[in-house]
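Okay, so here's the structure we're looking at.
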Amino acid sequence: MQQIGDVSDAQLVTSIARYSEVALAEAYRRHGGAVYGLARRVLNNSAEAEDVTQEVFLRLWDQPDRFDASRGSLRSYLLAQSHGRAVDAVRSLNSRRLREERNAQRTATAAYDMDHEIWDLALADQVAQALGELPGEERRAIEMAYFEGHTYQEVARLLRQPEGTVKGRIRNGMRRMRDLLMAAGVQEVGA
Amino acid sequence: MITHDAASELLASFALDAVEDEERRQVEDHLATCPRCRSELDAMSAVAAAMGNSVEPLPEGLWSNIASRLPERGDEEPPPMPRLVAGDRSTEGAPDATGRGRLRGPMATLGALAVAAAAVAALLGVGLVRADDRVAHYQSLARVGTAETVAAALEVPGHQVVTLETAGQAELARFVVVPDGRGYLISSTLPTLASHHTYQLWGTIANKPISLGLLGPSPRQATFTVATTAPLSKLSVTVEPAGGSVVPSGQAVASGTV
């Protein structure tokens with residue numbers, strides 16, 4: 001007998017569509033920490049990250065059909081949802097007011113504690129290594145966009161670079177990241 | 001209408017949620033008609049997800065908040081569940097043991113208890129669960145307490161109780177392992193560690209230590225699963241850095257033969 005812990009993510013989502021709370025709970029167990037971790041990193045605020053995490057899993061419950069297993073993993077899908085909501089919150093007027101304060105805190109708490117499972121730890125190492133191999137200007141543009149919630153236009157203004165230059169750096173850097181991660185054996189980026 | 005080249009240039013920024021609203025709409029319109037760009041976006045999104053994949057401990061009570069906000073669906077019978085049980089096609093289309101309707105009734109059999117317990121089990125190739133707040137959330141969800149689960153496991157024919165002792169034969173923990181590979185912590189007197197350390201449970205399989213999970217700095221509840229095709233010969237516990245280790249970094253503080 002296969003246990004719920006052994007079923008695929010795609011099967012879990014199918015079960016969620018059939019109102020299985022246990023399947024949703026299992027999806028939360030597998031991916032909740034990553035969803036919350038990314039939201040907290042972008043927002044630098046635990047309470048808001050909890051709100052984002054709730055929204056992400058409630059949306060998975062309400063609209064499981066939005067996940068397309070042929071286009072990527074459930075983890076990738078949920079992280080994209082988490083990031084999008086976190087960025088929306090960062091860009092909202094209320095959050096914008098706190099941005100400067102958060103950015104100041106971010107510097108102090110950059111080495112935040114993480115409770116990686118072993119696979120996540122290995123992936124994090126590979127990602128950190130790949131980021132480290134990017135040219136500095138590409139890495140900085142990607143980090144400002146992804147982890148600080150800036151648009152590429154905002155990144156350009158902050159770095160005093162032309163928008164097209166920053167857009168190109170993000171594009172080149174992301175492609176380089178994909179190649180580096182694939183070379184390191186991270187199959188998830190091989191879509 | 002944005003051109004293909006212009007959309008293609010924006011895909012990486014789009015995957016990072018780093019485009020403004022008007023450009024986002026333009027890219028979305030283009031994606032609806034361009035499989036090549038959709039494929040490129042999927043690859044960029046996977047890279048973004050890899051960068052954002054930093055797991056943090058989940059706050060206490062967060063799952064309860066989510067579960068409490070799941071909308072009631074009245075008394076309507078849920079549609080037949082797809083099988084979460086493989087290898088028995090005779091159950092195809094049968095009501096699923098993990099469906100929410102079933103969870104609301106008493107779960108008197110070990111089978112049902114085991115399904116609920118299994119919801120918190122398994123990671124990587126070998127099942128693994130850290131005994132943390134998440135466990136409590138699932139147990140709450142399933143209306144089943146660990147004490148009941150352990151008691152049920154102790155009723156299973158063929159179960160084994162494994163006592164983990166120090167080299168000086170002082171008992172520090174006791175597990176019950178049932179024949180289908182599930183195991184539960186019965187009791188522990190492992191002393192509480194500083195927060196930057198954790199106990200890690202290992203199973204010796206084919207003479208190699210395989211991680212069965214992090215027990216946290218103060219183990220109280222734990223569930224694990226091992227494949228029945230790989231006989232477990234020993235359980236042991238080591239002290240590791242808070243994130244756990246791929247291989248034991250030191251001597252076991254306690255171990256017991258299965």
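Chain identifiers are assigned as A, B, and so on, following the order in which chains appear in the structure tokens; residues are numbered from 1 within each chain, and ligands are numbered from 1 in order of appearance.
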With only C-alpha atoms as the counted atoms, please give the residues lying no more than 9 Å from segment 162-170 of chain B, apart from itself and same-chain residues fewer than 3 positions off, as a PyMOL selection string. chain B and resi 173-177+234-237+252-258
Expected file contents, prior selection, N, CA and C atoms, as a PDB file, in the first residue's frame:
ATOM      1  N   ALA B 173      15.593   6.285  24.588  1.00  0.00           N
ATOM      2  CA  ALA B 173      14.397   6.415  23.740  1.00  0.00           C
ATOM      3  C   ALA B 173      13.893   5.033  23.381  1.00  0.00           C
ATOM      4  N   ARG B 174      12.618   4.997  23.034  1.00  0.00           N
ATOM      5  CA  ARG B 174      12.008   3.716  22.658  1.00  0.00           C
ATOM      6  C   ARG B 174      11.075   3.974  21.475  1.00  0.00           C
ATOM      7  N   PHE B 175      11.221   3.159  20.446  1.00  0.00           N
ATOM      8  CA  PHE B 175      10.378   3.269  19.248  1.00  0.00           C
ATOM      9  C   PHE B 175       9.601   1.981  19.051  1.00  0.00           C
ATOM     10  N   VAL B 176       8.458   2.087  18.372  1.00  0.00           N
ATOM     11  CA  VAL B 176       7.750   0.899  17.908  1.00  0.00           C
ATOM     12  C   VAL B 176       7.784   0.925  16.380  1.00  0.00           C
ATOM     13  N   VAL B 177       8.127  -0.214  15.797  1.00  0.00           N
ATOM     14  CA  VAL B 177       8.189  -0.340  14.335  1.00  0.00           C
ATOM     15  C   VAL B 177       7.207  -1.435  13.929  1.00  0.00           C
ATOM     16  N   LYS B 234      19.115  -1.531  12.568  1.00  0.00           N
ATOM     17  CA  LYS B 234      19.449  -0.789  13.788  1.00  0.00           C
ATOM     18  C   LYS B 234      18.882   0.625  13.716  1.00  0.00           C
ATOM     19  N   LEU B 235      18.481   1.157  14.833  1.00  0.00           N
ATOM     20  CA  LEU B 235      18.129   2.582  14.937  1.00  0.00           C
ATOM     21  C   LEU B 235      19.160   3.252  15.825  1.00  0.00           C
ATOM     22  N   SER B 236      19.556   4.457  15.454  1.00  0.00           N
ATOM     23  CA  SER B 236      20.483   5.190  16.307  1.00  0.00           C
ATOM     24  C   SER B 236      20.184   6.685  16.231  1.00  0.00           C
ATOM     25  N   VAL B 237      20.631   7.397  17.244  1.00  0.00           N
ATOM     26  CA  VAL B 237      20.398   8.840  17.329  1.00  0.00           C
ATOM     27  C   VAL B 237      21.750   9.531  17.517  1.00  0.00           C
ATOM     28  N   ALA B 252      26.945   7.762  17.800  1.00  0.00           N
ATOM     29  CA  ALA B 252      25.560   7.770  18.238  1.00  0.00           C
ATOM     30  C   ALA B 252      25.495   7.952  19.756  1.00  0.00           C
ATOM     31  N   VAL B 253      24.529   8.760  20.183  1.00  0.00           N
ATOM     32  CA  VAL B 253      24.348   8.899  21.633  1.00  0.00           C
ATOM     33  C   VAL B 253      23.545   7.723  22.174  1.00  0.00           C
ATOM     34  N   ALA B 254      22.781   7.103  21.290  1.00  0.00           N
ATOM     35  CA  ALA B 254      22.024   5.919  21.720  1.00  0.00           C
ATOM     36  C   ALA B 254      21.695   5.099  20.474  1.00  0.00           C
ATOM     37  N   SER B 255      21.594   3.810  20.650  1.00  0.00           N
ATOM     38  CA  SER B 255      21.239   2.971  19.504  1.00  0.00           C
ATOM     39  C   SER B 255      20.569   1.697  20.018  1.00  0.00           C
ATOM     40  N   GLY B 256      19.862   1.042  19.095  1.00  0.00           N
ATOM     41  CA  GLY B 256      19.186  -0.195  19.459  1.00  0.00           C
ATOM     42  C   GLY B 256      18.997  -1.078  18.247  1.00  0.00           C
ATOM     43  N   THR B 257      19.072  -2.378  18.451  1.00  0.00           N
ATOM     44  CA  THR B 257      18.931  -3.330  17.350  1.00  0.00           C
ATOM     45  C   THR B 257      17.459  -3.598  17.068  1.00  0.00           C
ATOM     46  N   VAL B 258      17.112  -3.620  15.780  1.00  0.00           N
ATOM     47  CA  VAL B 258      15.729  -3.921  15.397  1.00  0.00           C
ATOM     48  C   VAL B 258      15.594  -5.433  15.280  1.00  0.00           C
TER      49      VAL B 258
END
Selected residue, from B:His159, B:Lys208, B:Arg220, B:Arg38, that lies nearest to chain A when counting only C-alpha atoms: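 Of B:His159, B:Lys208, B:Arg220, B:Arg38, the one nearest chain A is B:Arg38, counting only C-alpha atoms.
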Who sits within 9 Å of Gly181 of chain B, only C-alpha atoms, same chain under 5 positions skipped, as JSON, numbers by chain: {"B": [224, 225, 226, 227, 228, 231, 232]}
Pick from B:Ser187, B:Thr198, B:Ser249, B:Asn207: nearest to chain A, with only C-alpha atoms counted? B:Thr198
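Picture a line from atom CA of Ala49 of chain B to atom CA of Leu78 of chain A; it runs 8.7 Å.
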In Å, rounded to a single decimal, give me how far atom CA of Val239 of chain B is from atom CA of Val55 of chain B.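 Result for atom CA of Val55 of chain B versus atom CA of Val239 of chain B: 21.0 Å, one decimal.
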Need to verify the contact set: Gln153 of chain A, 9 Å, only C-alpha atoms, exclusion of same-chain residues closer than 2 positions in sequence. Can you return it as a ChimeraX atom specification? /A:150-151,155-158,162-164,166-167 /B:18-20
Can you tell me which residues surround Pro217 of chain B at a distance of at most 10 Å, considering only C-alpha atoms, apart from same-chain residues fewer than 3 positions away, and format the answer as an MDAnalysis selection string? chainID B and resid 131:132 190:200 214 220 239:242
